[in-house]
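Novice: Data: start01.cif, mmCIF, C-alpha atoms.
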```
data_protein
#
loop_
_atom_site.group_PDB
_atom_site.id
_atom_site.type_symbol
_atom_site.label_atom_id
_atom_site.label_comp_id
_atom_site.auth_asym_id
_atom_site.auth_seq_id
_atom_site.Cartn_x
_atom_site.Cartn_y
_atom_site.Cartn_z
ATOM 1 C CA MET A 386 63.819 103.681 90.359
ATOM 2 C CA ASP A 387 63.569 106.681 88.102
ATOM 3 C CA GLN A 388 65.721 108.943 85.992
ATOM 4 C CA GLU A 389 65.834 111.673 88.641
ATOM 5 C CA THR A 390 67.330 109.254 91.188
ATOM 6 C CA SER A 391 69.872 108.077 88.602
ATOM 7 C CA ARG A 392 70.866 111.633 87.807
ATOM 8 C CA ARG A 393 71.239 112.561 91.486
ATOM 9 C CA GLY A 394 73.509 109.544 92.029
ATOM 10 C CA ALA A 395 75.606 110.381 88.977
ATOM 11 C CA ASP A 396 75.893 113.986 90.200
ATOM 12 C CA LEU A 397 77.213 112.767 93.580
ATOM 13 C CA LEU A 398 80.004 110.753 91.951
ATOM 14 C CA ALA A 399 80.776 113.567 89.518
ATOM 15 C CA ALA A 400 81.214 115.943 92.462
ATOM 16 C CA ASP A 401 83.696 113.513 94.058
ATOM 17 C CA ILE A 402 85.771 113.354 90.873
ATOM 18 C CA GLU A 403 85.651 117.073 90.114
ATOM 19 C CA SER A 404 86.413 118.166 93.676
ATOM 20 C CA ALA A 405 89.232 115.704 94.386
ATOM 21 C CA LEU A 406 90.865 115.405 90.966
ATOM 22 C CA GLY A 407 89.780 118.549 89.137
ATOM 23 C CA PHE A 408 88.590 116.629 86.057
ATOM 24 C CA GLU A 409 85.382 117.706 84.370
ATOM 25 C CA VAL A 410 82.622 115.077 84.262
ATOM 26 C CA HIS A 411 79.858 114.970 81.653
ATOM 27 C CA ILE A 412 76.524 113.324 82.382
ATOM 28 C CA ASP A 413 74.280 112.726 79.396
ATOM 29 C CA GLU A 414 70.739 111.412 79.788
ATOM 30 C CA THR A 415 70.052 111.054 76.076
ATOM 31 C CA ILE A 416 69.073 107.570 74.973
ATOM 32 C CA PRO A 417 71.178 106.727 71.898
ATOM 33 C CA GLU A 418 69.355 105.882 68.670
ATOM 34 C CA ARG A 419 70.670 102.296 68.683
ATOM 35 C CA LEU A 420 68.958 101.702 72.054
ATOM 36 C CA ARG A 421 65.743 103.496 71.071
ATOM 37 C CA ARG A 422 65.381 101.025 68.176
ATOM 38 C CA LEU A 423 65.304 98.017 70.517
ATOM 39 C CA ALA A 424 62.041 96.108 70.956
ATOM 40 C CA ASP A 425 62.073 97.146 74.632
ATOM 41 C CA PRO A 426 64.089 100.398 74.808
ATOM 42 C CA PRO A 427 65.187 101.719 78.197
ATOM 43 C CA GLY A 428 63.042 104.422 79.778
ATOM 44 C CA TRP A 429 66.155 106.352 80.805
ATOM 45 C CA ARG A 430 69.909 106.077 80.594
ATOM 46 C CA ILE A 431 72.967 107.737 82.061
ATOM 47 C CA GLU A 432 76.209 108.134 80.166
ATOM 48 C CA PHE A 433 78.939 109.100 82.615
ATOM 49 C CA THR A 434 82.131 110.449 81.011
ATOM 50 C CA VAL A 435 85.440 111.786 82.330
ATOM 51 C CA PRO A 436 86.899 113.077 79.026
ATOM 52 C CA ALA A 437 90.393 113.877 80.356
ATOM 53 C CA LEU A 438 90.826 110.213 81.342
ATOM 54 C CA SER A 439 88.876 108.653 78.438
ATOM 55 C CA VAL A 440 86.519 107.027 80.951
ATOM 56 C CA VAL A 441 82.995 106.348 79.679
ATOM 57 C CA ILE A 442 80.212 104.219 81.093
ATOM 58 C CA GLY A 443 76.660 104.032 79.793
ATOM 59 C CA THR A 444 74.081 102.374 82.003
ATOM 60 C CA THR A 445 70.477 102.254 83.100
ATOM 61 C CA PRO A 446 70.883 101.945 86.871
ATOM 62 C CA VAL A 447 68.373 99.845 88.792
ATOM 63 C CA GLU A 448 69.472 100.969 92.251
ATOM 64 C CA ARG A 449 66.736 102.671 94.274
ATOM 65 C CA THR A 450 68.712 105.477 95.906
ATOM 66 C CA PRO A 451 71.150 108.139 94.699
ATOM 67 C CA ASP A 452 73.847 106.564 96.918
ATOM 68 C CA GLY A 453 73.173 103.174 95.322
ATOM 69 C CA VAL A 454 73.554 104.663 91.843
ATOM 70 C CA ALA A 455 76.766 106.456 92.884
ATOM 71 C CA CYS A 456 78.102 103.166 94.303
ATOM 72 C CA ARG A 457 77.367 101.254 91.114
ATOM 73 C CA LEU A 458 78.964 103.902 88.915
ATOM 74 C CA ALA A 459 81.965 104.183 91.263
ATOM 75 C CA ARG A 460 82.576 100.443 91.114
ATOM 76 C CA GLU A 461 82.497 100.634 87.304
ATOM 77 C CA VAL A 462 84.972 103.516 86.946
ATOM 78 C CA HIS A 463 87.156 103.258 90.074
ATOM 79 C CA ASP A 464 89.975 101.166 88.571
ATOM 80 C CA ASP A 465 90.116 103.232 85.385
ATOM 81 C CA ILE A 466 90.259 106.518 87.290
ATOM 82 C CA LEU A 467 93.009 105.218 89.581
ATOM 83 C CA SER A 468 94.999 103.699 86.700
ATOM 84 C CA ARG A 469 94.631 106.595 84.278
ATOM 85 C CA SER A 470 95.079 109.473 86.733
ATOM 86 C CA GLY A 471 97.959 107.910 88.661
ATOM 87 C CA LYS A 472 96.438 109.311 91.864
ATOM 88 C CA ILE A 473 95.105 107.624 94.981
ATOM 89 C CA TRP A 474 91.398 108.492 94.679
ATOM 90 C CA PRO A 475 89.522 108.991 96.864
ATOM 91 C CA ALA A 476 92.283 109.384 99.414
ATOM 92 C CA ASP A 477 91.567 107.891 102.817
ATOM 93 C CA PRO A 478 91.776 110.583 105.531
ATOM 94 C CA GLU A 479 93.651 107.997 107.637
ATOM 95 C CA GLY A 480 96.424 107.942 105.026
ATOM 96 C CA GLY A 481 98.040 105.118 103.135
ATOM 97 C CA ASP A 482 97.765 104.281 99.457
ATOM 98 C CA GLN A 483 94.604 102.177 99.681
ATOM 99 C CA PRO A 484 91.815 104.401 98.309
ATOM 100 C CA LEU A 485 88.430 104.579 99.938
ATOM 101 C CA LEU A 486 86.128 101.865 98.570
ATOM 102 C CA PRO A 487 82.568 102.359 97.304
ATOM 103 C CA THR A 488 79.750 100.920 99.414
ATOM 104 C CA LEU A 489 75.991 101.476 99.311
ATOM 105 C CA ASP A 490 76.370 104.059 102.106
ATOM 106 C CA GLY A 491 79.337 106.019 100.741
ATOM 107 C CA TRP A 492 83.110 105.671 100.463
ATOM 108 C CA ARG A 493 84.516 103.477 103.247
ATOM 109 C CA GLY A 494 88.072 103.228 104.551
ATOM 110 C CA ALA A 495 90.149 102.802 107.682
ATOM 111 C CA GLY A 496 88.904 106.153 108.956
ATOM 112 C CA GLY A 497 85.227 105.356 108.487
ATOM 113 C CA LEU A 498 82.669 106.567 105.977
ATOM 114 C CA VAL A 499 82.745 109.571 103.632
ATOM 115 C CA PRO A 500 79.344 110.249 102.016
ATOM 116 C CA TYR A 501 79.121 110.413 98.230
ATOM 117 C CA GLY A 502 79.434 113.971 96.991
ATOM 118 C CA GLN A 503 81.781 114.948 99.855
ATOM 119 C CA VAL A 504 85.141 113.569 98.680
ATOM 120 C CA ASP A 505 87.656 116.360 98.301
ATOM 121 C CA ALA A 506 91.020 114.582 98.330
ATOM 122 C CA ALA A 507 93.219 112.600 95.997
ATOM 123 C CA LYS A 508 96.930 112.186 96.557
ATOM 124 C CA ASP A 509 100.106 111.076 94.877
ATOM 125 C CA PRO A 510 101.229 107.519 95.629
ATOM 126 C CA ASP A 511 103.849 107.056 98.354
ATOM 127 C CA PRO A 512 107.206 106.862 96.478
ATOM 128 C CA SER A 513 108.880 104.941 99.323
ATOM 129 C CA LEU A 514 106.744 101.807 98.796
ATOM 130 C CA ASP A 515 108.365 98.979 96.840
ATOM 131 C CA GLY A 516 107.493 95.336 96.237
ATOM 132 C CA VAL A 517 104.095 95.487 97.934
ATOM 133 C CA VAL A 518 100.468 95.789 96.915
ATOM 134 C CA ARG A 519 99.822 99.528 96.805
ATOM 135 C CA TRP A 520 96.031 99.236 96.461
ATOM 136 C CA TRP A 521 93.450 96.508 95.914
ATOM 137 C CA LEU A 522 89.826 96.848 94.749
ATOM 138 C CA PRO A 523 87.977 93.781 96.071
ATOM 139 C CA ASP A 524 84.790 94.540 94.089
ATOM 140 C CA THR A 525 86.532 94.367 90.709
ATOM 141 C CA TYR A 526 89.604 92.300 91.661
ATOM 142 C CA ASP A 527 92.094 94.882 90.397
ATOM 143 C CA GLY A 528 95.253 96.035 92.133
ATOM 144 C CA LEU A 529 98.514 97.913 91.824
ATOM 145 C CA ILE A 530 101.976 96.836 92.939
ATOM 146 C CA ALA A 531 104.333 99.551 94.138
ATOM 147 C CA SER A 532 107.699 99.318 92.406
ATOM 148 C CA HIS A 533 110.605 101.743 92.287
ATOM 149 C CA SER A 534 111.043 100.798 88.616
ATOM 150 C CA GLY A 535 107.417 101.749 87.869
ATOM 151 C CA ASP A 536 104.186 100.507 89.404
ATOM 152 C CA VAL A 537 102.555 97.386 87.967
ATOM 153 C CA TRP A 538 98.818 96.717 87.529
ATOM 154 C CA PHE A 539 97.316 93.257 88.064
ATOM 155 C CA SER A 540 93.979 91.550 88.418
ATOM 156 C CA LEU A 541 92.682 88.357 89.937
ATOM 157 C CA TRP A 542 93.540 86.544 86.688
ATOM 158 C CA GLN A 543 97.263 87.162 87.163
ATOM 159 C CA TYR A 544 97.315 86.371 90.883
ATOM 160 C CA GLN A 545 98.601 82.945 91.958
ATOM 161 C CA GLY A 546 97.221 82.411 95.457
ATOM 162 C CA ASP A 547 94.208 83.031 97.653
ATOM 163 C CA GLU A 548 92.787 86.363 96.492
ATOM 164 C CA GLN A 549 91.010 86.814 99.817
ATOM 165 C CA LEU A 550 94.423 87.335 101.407
ATOM 166 C CA ILE A 551 95.380 90.268 99.159
ATOM 167 C CA THR A 552 95.791 93.415 101.239
ATOM 168 C CA PRO A 553 97.554 96.735 100.745
ATOM 169 C CA GLY A 554 101.138 96.478 101.990
ATOM 170 C CA MET A 555 101.327 92.740 101.253
ATOM 171 C CA PRO A 556 104.776 91.802 99.825
ATOM 172 C CA VAL A 557 104.521 90.211 96.367
ATOM 173 C CA THR A 558 106.676 89.044 93.484
ATOM 174 C CA TRP A 559 105.633 89.512 89.869
ATOM 175 C CA VAL A 560 106.505 88.970 86.250
ATOM 176 C CA ILE A 561 105.945 91.790 83.774
ATOM 177 C CA GLY A 562 103.619 90.853 80.917
ATOM 178 C CA GLU A 563 102.755 92.510 77.659
ATOM 179 C CA GLY A 564 100.801 95.710 77.356
ATOM 180 C CA GLY A 565 99.660 98.044 80.021
ATOM 181 C CA HIS A 566 96.675 99.336 81.915
ATOM 182 C CA GLY A 567 96.325 103.103 82.114
ATOM 183 C CA LYS A 568 99.683 104.571 83.169
ATOM 184 C CA TYR A 569 101.038 101.228 84.348
ATOM 185 C CA ARG A 570 102.776 98.147 83.059
ATOM 186 C CA LYS A 571 100.759 94.959 83.402
ATOM 187 C CA ALA A 572 101.820 91.857 85.324
ATOM 188 C CA SER A 573 101.469 88.420 83.747
ATOM 189 C CA GLU A 574 101.897 86.686 87.102
ATOM 190 C CA VAL A 575 101.750 87.841 90.736
ATOM 191 C CA ARG A 576 102.495 85.732 93.815
ATOM 192 C CA PRO A 577 102.723 86.374 97.541
ATOM 193 C CA ALA A 578 106.390 86.880 98.488
ATOM 194 C CA GLN A 579 107.925 84.024 100.444
ATOM 195 C CA PRO A 580 109.021 85.038 103.959
#
```
Could you express the structure from this file as structure tokens?
Specialist:
Amino acid sequence: MDQETSRRGADLLAADIESALGFEVHIDETIPERLRRLADPPGWRIEFTVPALSVVIGTTPVERTPDGVACRLAREVHDDILSRSGKIWPADPEGGDQPLLPTLDGWRGAGGLVPYGQVDAAKDPDPSLDGVVRWWLPDTYDGLIASHSGDVWFSLWQYQGDEQLITPGMPVTWVIGEGGHGKYRKASEVRPAQP
């Protein structure tokens, strides 16, 4: 793994954000002073920032390919970009409000695979959905419930049930908690709806 591979991977994800959402992405390869003072400082570092959404991640990727680096960065920022932009990103060409999910090979969804660096679509959430899971990110255990009174964010920690059964479109009940996450209210408890 080297800095060039890390940069190429970061550039792929940046292209997906800029093309689909129109937000500028900054990639900084400068190693901060606090890290240079460590006994074993990193040989390279990537700071990936989407200023308009206040999304920042600093990392020294260990993945061996640009796609692997893009996948790692995507998994780190996916929830924040979805929650802060209010958009379904990246939009699945097959439709629905479940975004494409990052894999080592590219973004994967119902319609197949979209390579990193080739995403060009984000969309507004479907306003007709209500009382169901709008989207779920199985890598980070974060999701959004569609509600006509305002969508509600939740994570595995608020979910009461088998998290492996969470799917987009699944009917749920919830209790609103304190605070929020991005543009959304936060649930304190989420359960599968009883039939």
Novice: Which neighbours of Pro475 of chain A fall inside 9 Å, counting only C-alpha atoms, when residues of the same chain fewer than 3 positions from it are skipped, and could you give them as a list in words?
Specialist: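 Selected residues are Asp401, Ile402, Ala405, Leu406, Leu467, Lys472, Gln483, Pro484, Leu485, Leu486, Trp492, Val504, Asp505, Ala506, Ala507 and Lys508 of chain A.
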Novice: Leaving out Trp559 of chain A and any residue of its chain fewer than 5 positions from it, which residues lie within 9 Å of it when counting only C-alpha atoms, given as a ChimeraX atom specification?
Specialist: /A:516,530,537,544,572-577
Novice: Would you write out, as a list in words, every residue that the PyMOL selection byres ((chain A and resi 511) around 12) captures in this file?
Specialist: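 What the PyMOL selection byres ((chain A and resi 511) around 12) grabs from the file is Gly471, Lys472, Ile473, Ala476, Gly480, Gly481, Asp482, Gln483, Lys508, Asp509, Pro510, Pro512, Ser513, Leu514, Asp515, Val517, Val518, Arg519, Trp520, Ile530, Ala531, Ser532, His533, Asp536 and Gly554 of chain A.
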Novice: Residues at most 10 Å from Arg392 of chain A, counting all atoms listed in the file, excluding those fewer than 5 positions away in the same chain, as a PDB file with C-alpha atoms, keeping the file's coordinate frame?
Specialist:
```pdb
ATOM      1  CA  ASP A 387      63.569 106.681  88.102  1.00  0.00           C
ATOM      2  CA  LEU A 397      77.213 112.767  93.580  1.00  0.00           C
ATOM      3  CA  ILE A 412      76.524 113.324  82.382  1.00  0.00           C
ATOM      4  CA  ASP A 413      74.280 112.726  79.396  1.00  0.00           C
ATOM      5  CA  GLU A 414      70.739 111.412  79.788  1.00  0.00           C
ATOM      6  CA  TRP A 429      66.155 106.352  80.805  1.00  0.00           C
ATOM      7  CA  ARG A 430      69.909 106.077  80.594  1.00  0.00           C
ATOM      8  CA  ILE A 431      72.967 107.737  82.061  1.00  0.00           C
ATOM      9  CA  GLU A 432      76.209 108.134  80.166  1.00  0.00           C
ATOM     10  CA  PHE A 433      78.939 109.100  82.615  1.00  0.00           C
ATOM     11  CA  PRO A 446      70.883 101.945  86.871  1.00  0.00           C
ATOM     12  CA  PRO A 451      71.150 108.139  94.699  1.00  0.00           C
ATOM     13  CA  VAL A 454      73.554 104.663  91.843  1.00  0.00           C
ATOM     14  CA  ALA A 455      76.766 106.456  92.884  1.00  0.00           C
TER      15      ALA A 455
END
```
Novice: So how far away is atom CA of Cys456 of chain A from atom CA of Ala399 of chain A, in Å?
Specialist: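 Computing the Euclidean distance for atom CA of Ala399 of chain A and atom CA of Cys456 of chain A yields 11.8 Å.
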